[in-house]
file protein-v2.txt (compact mmCIF, C-alpha atoms)
# COMPACT_ATOMS: atom_id res chain seq x y z
CA MET A 14 47.23 -34.04 -118.29
CA GLY A 15 46.86 -32.92 -114.65
CA SER A 16 49.00 -30.24 -113.11
CA ARG A 17 52.39 -31.31 -111.77
CA ARG A 18 52.95 -31.55 -108.05
CA PRO A 19 54.78 -28.45 -106.71
CA THR A 20 58.43 -29.14 -105.94
CA LEU A 21 60.76 -27.94 -103.21
CA GLU A 22 62.54 -25.87 -105.86
CA ALA A 23 59.29 -24.15 -106.84
CA VAL A 24 58.67 -23.17 -103.22
CA ALA A 25 62.24 -21.85 -102.94
CA ALA A 26 61.78 -19.75 -106.08
CA ARG A 27 58.45 -18.33 -104.86
CA ALA A 28 59.90 -17.47 -101.42
CA ARG A 29 63.21 -16.26 -102.94
CA VAL A 30 65.29 -18.45 -100.67
CA SER A 31 67.51 -21.47 -101.15
CA ARG A 32 66.24 -25.00 -101.45
CA ALA A 33 68.10 -25.87 -98.24
CA THR A 34 66.20 -23.16 -96.35
CA VAL A 35 62.85 -24.51 -97.53
CA SER A 36 63.95 -28.00 -96.49
CA ARG A 37 64.80 -26.80 -92.99
CA VAL A 38 61.42 -25.08 -92.63
CA VAL A 39 59.27 -27.99 -93.83
CA ASN A 40 61.24 -30.41 -91.63
CA GLY A 41 60.42 -28.35 -88.56
CA GLN A 42 63.88 -27.03 -87.77
CA ASN A 43 63.92 -23.82 -85.73
CA THR A 44 67.18 -22.39 -87.10
CA VAL A 45 65.50 -20.21 -89.75
CA ASP A 46 64.83 -16.49 -89.25
CA PRO A 47 61.12 -15.98 -88.40
CA GLU A 48 60.50 -13.61 -91.35
CA ILE A 49 62.10 -16.02 -93.80
CA ARG A 50 60.18 -18.90 -92.25
CA ALA A 51 56.92 -16.97 -92.70
CA ALA A 52 57.77 -16.32 -96.37
CA VAL A 53 58.44 -20.01 -96.95
CA LEU A 54 55.19 -21.04 -95.29
CA ARG A 55 53.25 -18.54 -97.43
CA ALA A 56 54.83 -20.00 -100.55
CA VAL A 57 53.98 -23.53 -99.36
CA GLU A 58 50.34 -22.54 -98.88
CA GLU A 59 50.06 -20.61 -102.17
CA LEU A 60 51.54 -23.45 -104.22
CA GLY A 61 49.83 -26.25 -102.30
CA TYR A 62 53.16 -27.94 -101.66
CA VAL A 63 52.98 -31.29 -99.83
CA PRO A 64 56.30 -32.56 -98.40
CA ASN A 65 57.47 -35.92 -99.69
CA SER A 66 57.43 -38.05 -96.54
CA ALA A 67 59.83 -40.61 -97.98
CA ALA A 68 62.40 -37.98 -98.85
CA ARG A 69 61.92 -36.23 -95.54
CA SER A 70 62.51 -39.46 -93.63
CA LEU A 71 65.91 -39.79 -95.30
CA VAL A 72 66.85 -36.41 -93.85
CA THR A 73 65.24 -36.67 -90.42
CA ARG A 74 65.53 -40.45 -90.07
CA GLN A 75 61.96 -40.37 -88.80
CA THR A 76 59.13 -42.34 -90.43
CA ASP A 77 56.28 -40.88 -88.34
CA SER A 78 55.01 -44.47 -88.01
CA ILE A 79 54.63 -46.64 -84.92
CA ALA A 80 54.11 -50.40 -85.16
CA LEU A 81 51.35 -51.99 -83.10
CA VAL A 82 52.37 -55.65 -82.98
CA VAL A 83 49.69 -58.08 -81.77
CA SER A 84 50.96 -61.58 -81.02
CA GLU A 85 47.75 -63.30 -82.02
CA ALA A 86 46.25 -64.84 -85.15
CA PRO A 87 43.76 -62.73 -87.15
CA THR A 88 40.90 -65.01 -86.08
CA ARG A 89 41.60 -64.11 -82.44
CA VAL A 90 42.13 -60.38 -82.96
CA PHE A 91 38.95 -59.99 -85.00
CA SER A 92 36.83 -62.31 -82.84
CA ASP A 93 34.18 -61.31 -80.31
CA ASP A 94 36.77 -60.03 -77.81
CA PRO A 95 36.19 -56.24 -77.81
CA LEU A 96 39.40 -55.42 -75.95
CA PHE A 97 41.56 -55.87 -79.04
CA SER A 98 39.53 -53.43 -81.10
CA LEU A 99 39.35 -50.93 -78.23
CA VAL A 100 43.12 -50.94 -77.67
CA ILE A 101 43.85 -50.70 -81.41
CA ARG A 102 41.30 -47.93 -81.91
CA THR A 103 42.52 -45.92 -78.93
CA ALA A 104 46.20 -46.27 -79.80
CA SER A 105 45.58 -45.33 -83.44
CA SER A 106 43.59 -42.23 -82.44
CA GLU A 107 46.25 -41.10 -79.98
CA LEU A 108 48.99 -41.56 -82.57
CA GLU A 109 47.00 -39.65 -85.18
CA ARG A 110 46.54 -36.82 -82.70
CA ALA A 111 50.33 -36.73 -82.34
CA GLY A 112 50.85 -36.67 -86.09
CA LYS A 113 51.90 -40.31 -86.26
CA GLN A 114 50.56 -43.33 -88.10
CA ALA A 115 49.82 -46.73 -86.61
CA VAL A 116 51.05 -49.78 -88.53
CA LEU A 117 49.11 -52.84 -87.37
CA MET A 118 51.09 -56.09 -87.55
CA LEU A 119 49.58 -59.44 -86.53
CA ALA A 120 52.34 -61.73 -85.28
CA GLY A 121 50.52 -64.89 -84.26
CA SER A 122 52.80 -67.31 -86.12
CA GLN A 123 56.54 -67.86 -86.30
CA ARG A 124 56.63 -66.55 -89.87
CA ALA A 125 54.63 -63.46 -88.94
CA GLN A 126 56.93 -62.81 -85.98
CA ALA A 127 59.97 -62.98 -88.26
CA ARG A 128 58.33 -60.51 -90.66
CA ALA A 129 57.59 -58.09 -87.84
CA GLU A 130 61.15 -58.30 -86.56
CA SER A 131 62.53 -57.72 -90.05
CA TYR A 132 60.19 -54.77 -90.64
CA VAL A 133 61.23 -53.03 -87.44
CA SER A 134 64.94 -53.74 -87.91
CA GLY A 135 64.65 -52.30 -91.44
CA GLY A 136 63.96 -48.85 -90.00
CA HIS A 137 60.36 -48.60 -91.19
CA VAL A 138 58.96 -47.42 -87.84
CA ASP A 139 60.03 -45.06 -85.05
CA GLY A 140 58.76 -47.27 -82.23
CA VAL A 141 56.86 -50.42 -81.35
CA MET A 142 53.88 -51.18 -79.11
CA LEU A 143 53.41 -54.84 -78.17
CA LEU A 144 50.04 -56.38 -77.33
CA SER A 145 48.93 -59.84 -76.14
CA MET A 146 52.33 -61.42 -75.69
CA HIS A 147 52.79 -65.05 -74.71
CA GLY A 148 55.63 -66.62 -72.76
CA ALA A 149 57.25 -68.35 -75.74
CA ASP A 150 57.08 -65.24 -77.94
CA PRO A 151 60.63 -64.32 -79.09
CA LEU A 152 59.64 -60.84 -80.26
CA PRO A 153 59.97 -58.91 -76.97
CA GLY A 154 63.59 -59.96 -76.54
CA ALA A 155 64.45 -59.37 -80.19
CA LEU A 156 62.81 -55.95 -80.33
CA ALA A 157 64.30 -54.85 -77.00
CA ARG A 158 67.73 -55.03 -78.64
CA MET A 159 66.77 -52.66 -81.46
CA PRO A 160 67.44 -48.89 -81.40
CA VAL A 161 63.76 -47.87 -81.27
CA PRO A 162 61.46 -47.39 -78.24
CA VAL A 163 59.43 -50.51 -77.42
CA VAL A 164 56.49 -50.47 -75.01
CA SER A 165 54.31 -53.36 -73.92
CA TYR A 166 50.59 -53.32 -73.18
CA GLY A 167 50.81 -55.40 -70.04
CA ARG A 168 53.82 -56.73 -68.16
CA PRO A 169 56.02 -58.81 -70.50
CA ALA A 170 55.63 -62.56 -70.09
CA VAL A 171 59.37 -63.14 -70.43
CA ALA A 172 62.34 -61.79 -68.50
CA VAL A 173 63.12 -58.78 -70.69
CA ASP A 174 63.62 -55.15 -69.76
CA LEU A 175 60.75 -53.39 -71.54
CA ALA A 176 58.70 -50.34 -70.65
CA HIS A 177 55.09 -51.36 -70.06
CA VAL A 178 51.66 -50.21 -68.92
CA ASP A 179 49.63 -52.70 -66.92
CA ASN A 180 46.63 -52.78 -64.60
CA ASP A 181 46.47 -54.21 -61.09
CA ASN A 182 45.55 -57.76 -62.05
CA VAL A 183 46.57 -59.28 -58.72
CA GLY A 184 44.76 -56.69 -56.61
CA GLY A 185 41.65 -56.82 -58.79
CA ALA A 186 41.38 -60.61 -58.49
CA GLU A 187 41.87 -60.40 -54.74
CA GLN A 188 39.07 -57.83 -54.53
CA ALA A 189 36.74 -60.09 -56.52
CA VAL A 190 37.32 -63.07 -54.23
CA ARG A 191 37.02 -60.96 -51.08
CA HIS A 192 33.65 -59.73 -52.34
CA LEU A 193 32.51 -63.33 -52.81
CA LEU A 194 33.71 -64.26 -49.32
CA ASP A 195 32.05 -61.21 -47.79
CA THR A 196 28.72 -62.20 -49.34
CA GLY A 197 28.89 -65.65 -47.75
CA ARG A 198 30.39 -67.80 -50.52
CA ARG A 199 32.60 -70.60 -49.29
CA ARG A 200 33.53 -72.87 -52.21
CA ILE A 201 34.91 -70.44 -54.76
CA ALA A 202 36.33 -71.78 -58.01
CA ALA A 203 38.39 -69.96 -60.63
CA ILE A 204 38.42 -70.12 -64.40
CA ALA A 205 42.01 -69.03 -64.96
CA GLY A 206 43.38 -67.40 -68.08
CA PRO A 207 46.28 -68.90 -70.07
CA GLN A 208 49.33 -69.27 -67.86
CA ASP A 209 51.78 -68.17 -70.55
CA MET A 210 50.33 -64.64 -70.30
CA THR A 211 50.94 -62.33 -67.34
CA ALA A 212 47.28 -61.31 -67.06
CA GLY A 213 46.37 -64.98 -66.66
CA GLN A 214 49.17 -65.57 -64.17
CA ASP A 215 48.52 -62.49 -62.06
CA ARG A 216 44.74 -62.91 -61.85
CA LEU A 217 45.22 -66.51 -60.71
CA THR A 218 47.75 -65.32 -58.12
CA GLY A 219 45.27 -62.79 -56.76
CA TYR A 220 42.56 -65.44 -56.52
CA ARG A 221 44.85 -67.83 -54.64
CA ASP A 222 46.19 -65.13 -52.32
CA ALA A 223 42.67 -64.15 -51.26
CA LEU A 224 41.65 -67.77 -50.60
CA ARG A 225 44.86 -68.49 -48.72
CA ALA A 226 44.22 -65.55 -46.42
CA SER A 227 40.81 -67.03 -45.55
CA ASP A 228 42.01 -70.66 -45.28
CA ARG A 229 40.00 -71.77 -48.30
CA ARG A 230 41.22 -74.23 -50.90
CA SER A 231 41.52 -73.28 -54.55
CA ILE A 232 39.51 -75.01 -57.27
CA VAL A 233 40.89 -74.13 -60.71
CA ALA A 234 40.17 -74.88 -64.36
CA GLU A 235 42.09 -73.12 -67.11
CA GLY A 236 40.63 -71.36 -70.15
CA ASP A 237 42.14 -69.28 -72.94
CA PHE A 238 40.16 -66.03 -72.51
CA THR A 239 37.49 -67.12 -74.99
CA ARG A 240 33.77 -67.68 -74.34
CA ALA A 241 33.94 -71.34 -75.42
CA SER A 242 36.81 -72.07 -73.06
CA GLY A 243 34.86 -70.51 -70.17
CA ALA A 244 31.88 -72.74 -70.89
CA ALA A 245 34.09 -75.85 -71.05
CA ALA A 246 35.98 -74.92 -67.88
CA MET A 247 32.69 -74.42 -66.02
CA ARG A 248 31.56 -77.91 -67.03
CA HIS A 249 34.79 -79.38 -65.65
CA LEU A 250 34.44 -77.44 -62.40
CA LEU A 251 30.88 -78.68 -61.85
CA GLU A 252 31.99 -82.26 -62.49
CA ASP A 253 34.93 -81.95 -60.08
CA ASP A 254 33.09 -80.08 -57.33
CA PRO A 255 29.28 -80.02 -57.70
CA GLY A 256 28.97 -78.12 -54.42
CA LEU A 257 30.84 -75.00 -55.48
CA ASP A 258 28.87 -71.80 -54.87
CA ALA A 259 30.92 -69.14 -56.67
CA VAL A 260 33.21 -68.69 -59.68
CA PHE A 261 35.78 -66.04 -60.46
CA ALA A 262 36.54 -65.95 -64.19
CA ALA A 263 39.74 -64.24 -65.30
CA ASN A 264 37.93 -62.30 -68.03
CA ASP A 265 34.36 -61.44 -68.95
CA LEU A 266 34.17 -63.61 -72.05
CA MET A 267 34.95 -66.72 -70.00
CA ALA A 268 32.43 -65.55 -67.40
CA VAL A 269 29.78 -65.33 -70.14
CA GLY A 270 30.61 -68.90 -71.14
CA ALA A 271 30.34 -69.96 -67.51
CA LEU A 272 26.88 -68.38 -67.25
CA GLN A 273 25.73 -70.39 -70.25
CA THR A 274 26.97 -73.66 -68.75
CA LEU A 275 25.39 -72.92 -65.38
CA ARG A 276 22.05 -72.16 -67.03
CA LYS A 277 22.15 -75.44 -68.96
CA ALA A 278 23.02 -77.29 -65.74
CA GLY A 279 20.00 -75.81 -63.98
CA ARG A 280 22.09 -73.71 -61.58
CA ARG A 281 20.61 -70.32 -60.70
CA VAL A 282 22.89 -67.27 -60.71
CA PRO A 283 23.52 -65.90 -58.16
CA ASP A 284 21.25 -67.98 -55.88
CA ASP A 285 23.14 -71.25 -56.41
CA VAL A 286 26.41 -70.00 -57.92
CA ALA A 287 27.72 -66.43 -57.95
CA VAL A 288 29.86 -65.37 -60.94
CA ILE A 289 32.41 -62.56 -61.26
CA GLY A 290 34.38 -61.65 -64.37
CA PHE A 291 37.20 -59.27 -65.18
CA ASP A 292 37.44 -56.40 -67.75
CA ASP A 293 33.92 -54.89 -67.71
CA ILE A 294 33.33 -55.23 -71.43
CA GLU A 295 30.13 -53.65 -72.75
CA ALA A 296 28.35 -57.02 -72.88
CA ALA A 297 28.78 -57.45 -69.10
CA ASP A 298 25.88 -55.10 -68.52
CA PHE A 299 23.59 -57.16 -70.80
CA THR A 300 24.16 -60.73 -69.66
CA ASP A 301 21.43 -62.61 -67.80
CA PRO A 302 21.87 -61.71 -65.01
CA PRO A 303 24.11 -58.64 -65.51
CA LEU A 304 27.70 -59.54 -64.69
CA THR A 305 29.62 -58.37 -61.64
CA THR A 306 33.16 -57.71 -62.82
CA LEU A 307 36.43 -55.82 -62.36
CA ARG A 308 36.73 -52.73 -64.53
CA HIS A 309 40.19 -51.85 -65.71
CA PRO A 310 40.91 -48.65 -67.64
CA VAL A 311 41.62 -50.00 -71.13
CA VAL A 312 41.50 -46.58 -72.80
CA ASP A 313 43.80 -45.04 -70.18
CA GLN A 314 46.16 -47.99 -70.48
CA ALA A 315 46.38 -47.71 -74.27
CA THR A 316 46.78 -43.93 -74.05
CA ALA A 317 49.60 -44.26 -71.53
CA MET A 318 51.29 -46.83 -73.79
CA VAL A 319 51.28 -44.33 -76.67
CA GLY A 320 52.65 -41.63 -74.37
CA LEU A 321 55.55 -43.87 -73.39
CA VAL A 322 56.46 -44.93 -76.91
CA LEU A 323 56.47 -41.31 -78.10
CA THR A 324 58.67 -40.16 -75.23
CA PRO A 325 62.42 -40.80 -75.66
CA PRO A 326 63.61 -43.21 -72.95
CA GLU A 327 66.03 -40.64 -71.55
CA GLU A 328 63.16 -38.17 -71.04
CA ARG A 329 60.71 -40.52 -69.29
CA THR A 330 59.98 -40.11 -65.61
CA ARG A 331 59.09 -43.81 -65.39
CA ASP A 332 59.07 -46.90 -67.60
CA ARG A 333 56.45 -48.92 -65.74
CA VAL A 334 52.86 -47.84 -65.12
CA VAL A 335 50.27 -49.86 -63.17
CA LEU A 336 46.69 -48.59 -63.25
CA PRO A 337 44.01 -49.46 -60.65
CA THR A 338 40.94 -51.66 -61.15
CA GLU A 339 37.42 -51.12 -59.82
CA LEU A 340 34.84 -53.66 -58.69
CA VAL A 341 31.52 -53.15 -60.52
CA VAL A 342 28.77 -54.96 -58.60
CA ARG A 343 25.79 -56.13 -60.65
CA GLU A 344 23.34 -58.99 -60.16
CA SER A 345 25.52 -62.06 -60.82
CA ALA A 346 27.38 -61.79 -57.49

call {"tool": "encode", "arguments": {"input": "protein-v2.txt", "output": "structure tokens"}}
result
Amino acid sequence: MGSRRPTLEAVAARARVSRATVSRVVNGQNTVDPEIRAAVLRAVEELGYVPNSAARSLVTRQTDSIALVVSEAPTRVFSDDPLFSLVIRTASSELERAGKQAVLMLAGSQRAQARAESYVSGGHVDGVMLLSMHGADPLPGALARMPVPVVSYGRPAVAVDLAHVDNDNVGGAEQAVRHLLDTGRRRIAAIAGPQDMTAGQDRLTGYRDALRASDRRSIVAEGDFTRASGAAAMRHLLEDDPGLDAVFAANDLMAVGALQTLRKAGRRVPDDVAVIGFDDIEAADFTDPPLTTLRHPVVDQATAMVGLVLTPPEERTRDRVVLPTELVVRESA
């Protein structure tokens, strides 16, 4: 039979203090005399005592866990879109550095949303980070009413007062279209993202604002941020306006799909049609030709989201962060 796990009482006996004193030390309270605290910590180390996190959470009412709720189906989260994995990986690493644990919850269905809401309301996490929300998603409103910090990756798609970290989607799209205009393009189409998501809405707004300022008409087909939808949208655009000479795609995956359709249609990029994406995923540097795109700081955005959720609302200097984008010019435009 293996040795028994050291108990709080065993540590108290070794340090010659009360059980309550040991409890205060291991729970991080600073009300214990430094010499006594040192004695308790020596006893903890000598005995190899590991605090019972479940019992400690009953005392501190802290779980040391943060939920990362992604409002997408597993097939979408674990698809070829690298942004999901980058955000999840970055947020998890930042939480681990802070001594917290990430609890990944996929909430792409009504049942999954109800489970996530129940889990959070049951007190199993100390905060929530929301990712990839859609306009009809009831979770932001439900979670905003709960007594835990809630932070959104991106501006919420519904009218709810939530802290969030976003990037300059409107300004980035405007910059992309201005670049196309400055290089002589005149019939510039857009492959818009889904209009129930703020990234899709804002990038379309930026595209239209830039064209309006130059008295150009908009030519739009909508995708869903996937490669296949970009390819399909490009086919529709070519059918509707064969003379278009540039395309702004609201993310890089749709831009990759557009490149494939243009190649099949015999259109040379950028000679016949220039293409710009948004995100600057790793694959953008390896497309044929390499993709001009807008880089937004995904790692910084995820890191800032963790910083907000770990900071009590009353101690924050701000609840809304908008990070800049950067045009990366390659050979496609």

call {"tool": "closest_residue", "arguments": {"input": "protein-v2.txt", "among": "A:Leu152, A:Val183, A:Ala278, A:Val173", "to": "Ala125 in chain A", "atoms": "all atoms listed in the file"}}
result
A:Leu152

call {"tool": "atom_distance", "arguments": {"input": "protein-v2.txt", "atom1": "CA of Ala189 in chain A", "atom2": "CA of Ala176 in chain A"}}
result
27.9 Å

call {"tool": "residues_near_point", "arguments": {"input": "protein-v2.txt", "point": "(46.8, -62.2, -72.4)", "cutoff": "12 Å", "atoms": "all atoms listed in the file", "output": "VMD selection string"}}
result
chain A and resid 83 to 85 89 to 90 94 96 to 97 143 to 148 165 to 170 179 182 205 to 216 236 to 239 263 to 264 292

call {"tool": "closest_atom_pairs", "arguments": {"input": "protein-v2.txt", "of": "range 125-160 of chain A", "to": "range 325-338 of chain A", "cutoff": "12 Å", "atoms": "all atoms listed in the file", "output": "Markdown table"}}
result
| residue | atom | partner | partner_atom | distance |
| --- | --- | --- | --- | --- |
| A:Asp139 | CA | A:Pro325 | CA | 10.6 |
| A:Gly140 | CA | A:Pro325 | CA | 9.9 |
| A:Pro160 | CA | A:Pro326 | CA | 10.9 |

call {"tool": "closest_residue", "arguments": {"input": "protein-v2.txt", "among": "A:Leu193, A:Ala129, A:Ile204, A:Leu99", "to": "Ala259 in chain A", "atoms": "all atoms listed in the file"}}
result
A:Leu193

call {"tool": "closest_residue", "arguments": {"input": "protein-v2.txt", "among": "A:Ser92, A:Ser345, A:Gln188, A:Thr44", "to": "Asp298 in chain A", "atoms": "only C-alpha atoms"}}
result
A:Ser345

call {"tool": "closest_residue", "arguments": {"input": "protein-v2.txt", "among": "A:Val38, A:Val341, A:Ala28, A:Val164", "to": "Leu307 in chain A", "atoms": "only C-alpha atoms"}}
result
A:Val341

call {"tool": "atom_distance", "arguments": {"input": "protein-v2.txt", "atom1": "CA of Thr34 in chain A", "atom2": "CA of Thr324 in chain A"}}
result
28.1 Å

call {"tool": "atom_distance", "arguments": {"input": "protein-v2.txt", "atom1": "CA of Arg281 in chain A", "atom2": "CA of Arg308 in chain A"}}
result
24.2 Å

call {"tool": "closest_residue", "arguments": {"input": "protein-v2.txt", "among": "A:Ala26, A:Arg102, A:Gly154, A:Gly185", "to": "Val171 in chain A", "atoms": "all atoms listed in the file"}}
result
A:Gly154

call {"tool": "closest_residue", "arguments": {"input": "protein-v2.txt", "among": "A:Leu251, A:Leu81, A:Ile101, A:Ala186", "to": "Met118 in chain A", "atoms": "only C-alpha atoms"}}
result
A:Leu81

call {"tool": "residues_around", "arguments": {"input": "protein-v2.txt", "residues": "Gln114 in chain A", "least_positions_apart": "6", "cutoff": "9 Å", "atoms": "only C-alpha atoms", "output": "compact mmCIF listing (two decimals) with C-alpha atoms, in the frame of the given file"}}
result
# COMPACT_ATOMS: atom_id res chain seq x y z
CA THR A 76 59.13 -42.34 -90.43
CA ASP A 77 56.28 -40.88 -88.34
CA SER A 78 55.01 -44.47 -88.01
CA ILE A 79 54.63 -46.64 -84.92
CA ALA A 80 54.11 -50.40 -85.16
CA SER A 105 45.58 -45.33 -83.44
CA LEU A 108 48.99 -41.56 -82.57

call {"tool": "residues_around", "arguments": {"input": "protein-v2.txt", "residues": "Ala155 in chain A", "least_positions_apart": "4", "cutoff": "10 Å", "atoms": "only C-alpha atoms", "output": "VMD selection string"}}
result
chain A and resid 127 130 134 150 to 151 159 173

call {"tool": "residues_around", "arguments": {"input": "protein-v2.txt", "residues": "Ala241 in chain A", "least_positions_apart": "6", "cutoff": "12 Å", "atoms": "only C-alpha atoms", "output": "PyMOL selection string"}}
result
chain A and resi 93-94+204+235+247-248+265-274

call {"tool": "residues_near_point", "arguments": {"input": "protein-v2.txt", "point": "(56.9, -27.1, -99.5)", "cutoff": "10 Å", "atoms": "only C-alpha atoms", "output": "PyMOL selection string"}}
result
chain A and resi 19-25+32+35-36+38-40+53-65

call {"tool": "decode", "arguments": {"input": "protein-v2.txt", "residues": "range 197-224 of chain A", "atoms": "N, CA and C atoms", "output": "mmCIF file, in the first residue's frame"}}
result
data_model
loop_
_atom_site.group_PDB
_atom_site.id
_atom_site.type_symbol
_atom_site.label_atom_id
_atom_site.label_comp_id
_atom_site.auth_asym_id
_atom_site.auth_seq_id
_atom_site.Cartn_x
_atom_site.Cartn_y
_atom_site.Cartn_z
ATOM 1 N N GLY A 197 -4.010 51.894 -58.581
ATOM 2 C CA GLY A 197 -4.692 52.007 -59.866
ATOM 3 C C GLY A 197 -5.908 51.114 -60.063
ATOM 4 N N ARG A 198 -6.345 50.403 -59.051
ATOM 5 C CA ARG A 198 -7.525 49.540 -59.200
ATOM 6 C C ARG A 198 -8.787 50.385 -59.125
ATOM 7 N N ARG A 199 -9.762 50.036 -59.939
ATOM 8 C CA ARG A 199 -10.960 50.868 -60.034
ATOM 9 C C ARG A 199 -12.263 50.112 -59.767
ATOM 10 N N ARG A 200 -12.281 48.820 -60.018
ATOM 11 C CA ARG A 200 -13.511 48.041 -59.762
ATOM 12 C C ARG A 200 -13.184 47.009 -58.690
ATOM 13 N N ILE A 201 -13.343 47.445 -57.447
ATOM 14 C CA ILE A 201 -12.883 46.674 -56.291
ATOM 15 C C ILE A 201 -14.077 45.999 -55.616
ATOM 16 N N ALA A 202 -14.047 44.682 -55.601
ATOM 17 C CA ALA A 202 -15.106 43.899 -54.962
ATOM 18 C C ALA A 202 -14.692 43.508 -53.551
ATOM 19 N N ALA A 203 -15.664 43.055 -52.769
ATOM 20 C CA ALA A 203 -15.385 42.573 -51.414
ATOM 21 C C ALA A 203 -16.021 41.209 -51.207
ATOM 22 N N ILE A 204 -15.278 40.333 -50.555
ATOM 23 C CA ILE A 204 -15.853 39.097 -50.035
ATOM 24 C C ILE A 204 -16.015 39.347 -48.536
ATOM 25 N N ALA A 205 -17.238 39.643 -48.140
ATOM 26 C CA ALA A 205 -17.518 40.031 -46.757
ATOM 27 C C ALA A 205 -17.606 38.812 -45.858
ATOM 28 N N GLY A 206 -17.312 39.019 -44.578
ATOM 29 C CA GLY A 206 -17.516 37.970 -43.592
ATOM 30 C C GLY A 206 -18.970 37.932 -43.157
ATOM 31 N N PRO A 207 -19.351 36.953 -42.336
ATOM 32 C CA PRO A 207 -20.735 36.836 -41.890
ATOM 33 C C PRO A 207 -21.198 38.101 -41.171
ATOM 34 N N GLN A 208 -22.379 38.563 -41.504
ATOM 35 C CA GLN A 208 -22.861 39.831 -40.974
ATOM 36 C C GLN A 208 -23.543 39.717 -39.617
ATOM 37 N N ASP A 209 -23.497 38.540 -39.002
ATOM 38 C CA ASP A 209 -23.935 38.426 -37.611
ATOM 39 C C ASP A 209 -22.739 38.434 -36.663
ATOM 40 N N MET A 210 -21.542 38.757 -37.195
ATOM 41 C CA MET A 210 -20.339 38.876 -36.381
ATOM 42 C C MET A 210 -19.752 40.267 -36.593
ATOM 43 N N THR A 211 -19.250 40.884 -35.526
ATOM 44 C CA THR A 211 -18.795 42.267 -35.638
ATOM 45 C C THR A 211 -17.572 42.395 -36.545
ATOM 46 N N ALA A 212 -16.702 41.395 -36.579
ATOM 47 C CA ALA A 212 -15.559 41.474 -37.487
ATOM 48 C C ALA A 212 -16.042 41.546 -38.930
ATOM 49 N N GLY A 213 -17.062 40.746 -39.271
ATOM 50 C CA GLY A 213 -17.617 40.788 -40.614
ATOM 51 C C GLY A 213 -18.278 42.118 -40.904
ATOM 52 N N GLN A 214 -19.030 42.625 -39.953
ATOM 53 C CA GLN A 214 -19.715 43.909 -40.123
ATOM 54 C C GLN A 214 -18.717 45.050 -40.298
ATOM 55 N N ASP A 215 -17.739 45.111 -39.389
ATOM 56 C CA ASP A 215 -16.817 46.254 -39.383
ATOM 57 C C ASP A 215 -15.898 46.269 -40.601
ATOM 58 N N ARG A 216 -15.453 45.101 -41.043
ATOM 59 C CA ARG A 216 -14.575 45.065 -42.218
ATOM 60 C C ARG A 216 -15.343 45.446 -43.483
ATOM 61 N N LEU A 217 -16.619 45.104 -43.544
ATOM 62 C CA LEU A 217 -17.441 45.541 -44.675
ATOM 63 C C LEU A 217 -17.674 47.052 -44.605
ATOM 64 N N THR A 218 -17.873 47.575 -43.409
ATOM 65 C CA THR A 218 -18.041 49.024 -43.242
ATOM 66 C C THR A 218 -16.801 49.775 -43.712
ATOM 67 N N GLY A 219 -15.622 49.291 -43.329
ATOM 68 C CA GLY A 219 -14.387 49.936 -43.764
ATOM 69 C C GLY A 219 -14.218 49.920 -45.266
ATOM 70 N N TYR A 220 -14.556 48.801 -45.889
ATOM 71 C CA TYR A 220 -14.499 48.692 -47.355
ATOM 72 C C TYR A 220 -15.416 49.720 -48.006
ATOM 73 N N ARG A 221 -16.658 49.794 -47.522
ATOM 74 C CA ARG A 221 -17.626 50.711 -48.126
ATOM 75 C C ARG A 221 -17.256 52.164 -47.881
ATOM 76 N N ASP A 222 -16.737 52.466 -46.688
ATOM 77 C CA ASP A 222 -16.341 53.849 -46.396
ATOM 78 C C ASP A 222 -15.241 54.313 -47.348
ATOM 79 N N ALA A 223 -14.260 53.443 -47.595
ATOM 80 C CA ALA A 223 -13.156 53.819 -48.489
ATOM 81 C C ALA A 223 -13.645 54.029 -49.914
ATOM 82 N N LEU A 224 -14.550 53.176 -50.389
ATOM 83 C CA LEU A 224 -15.078 53.338 -51.750
ATOM 84 C C LEU A 224 -15.943 54.587 -51.866
#
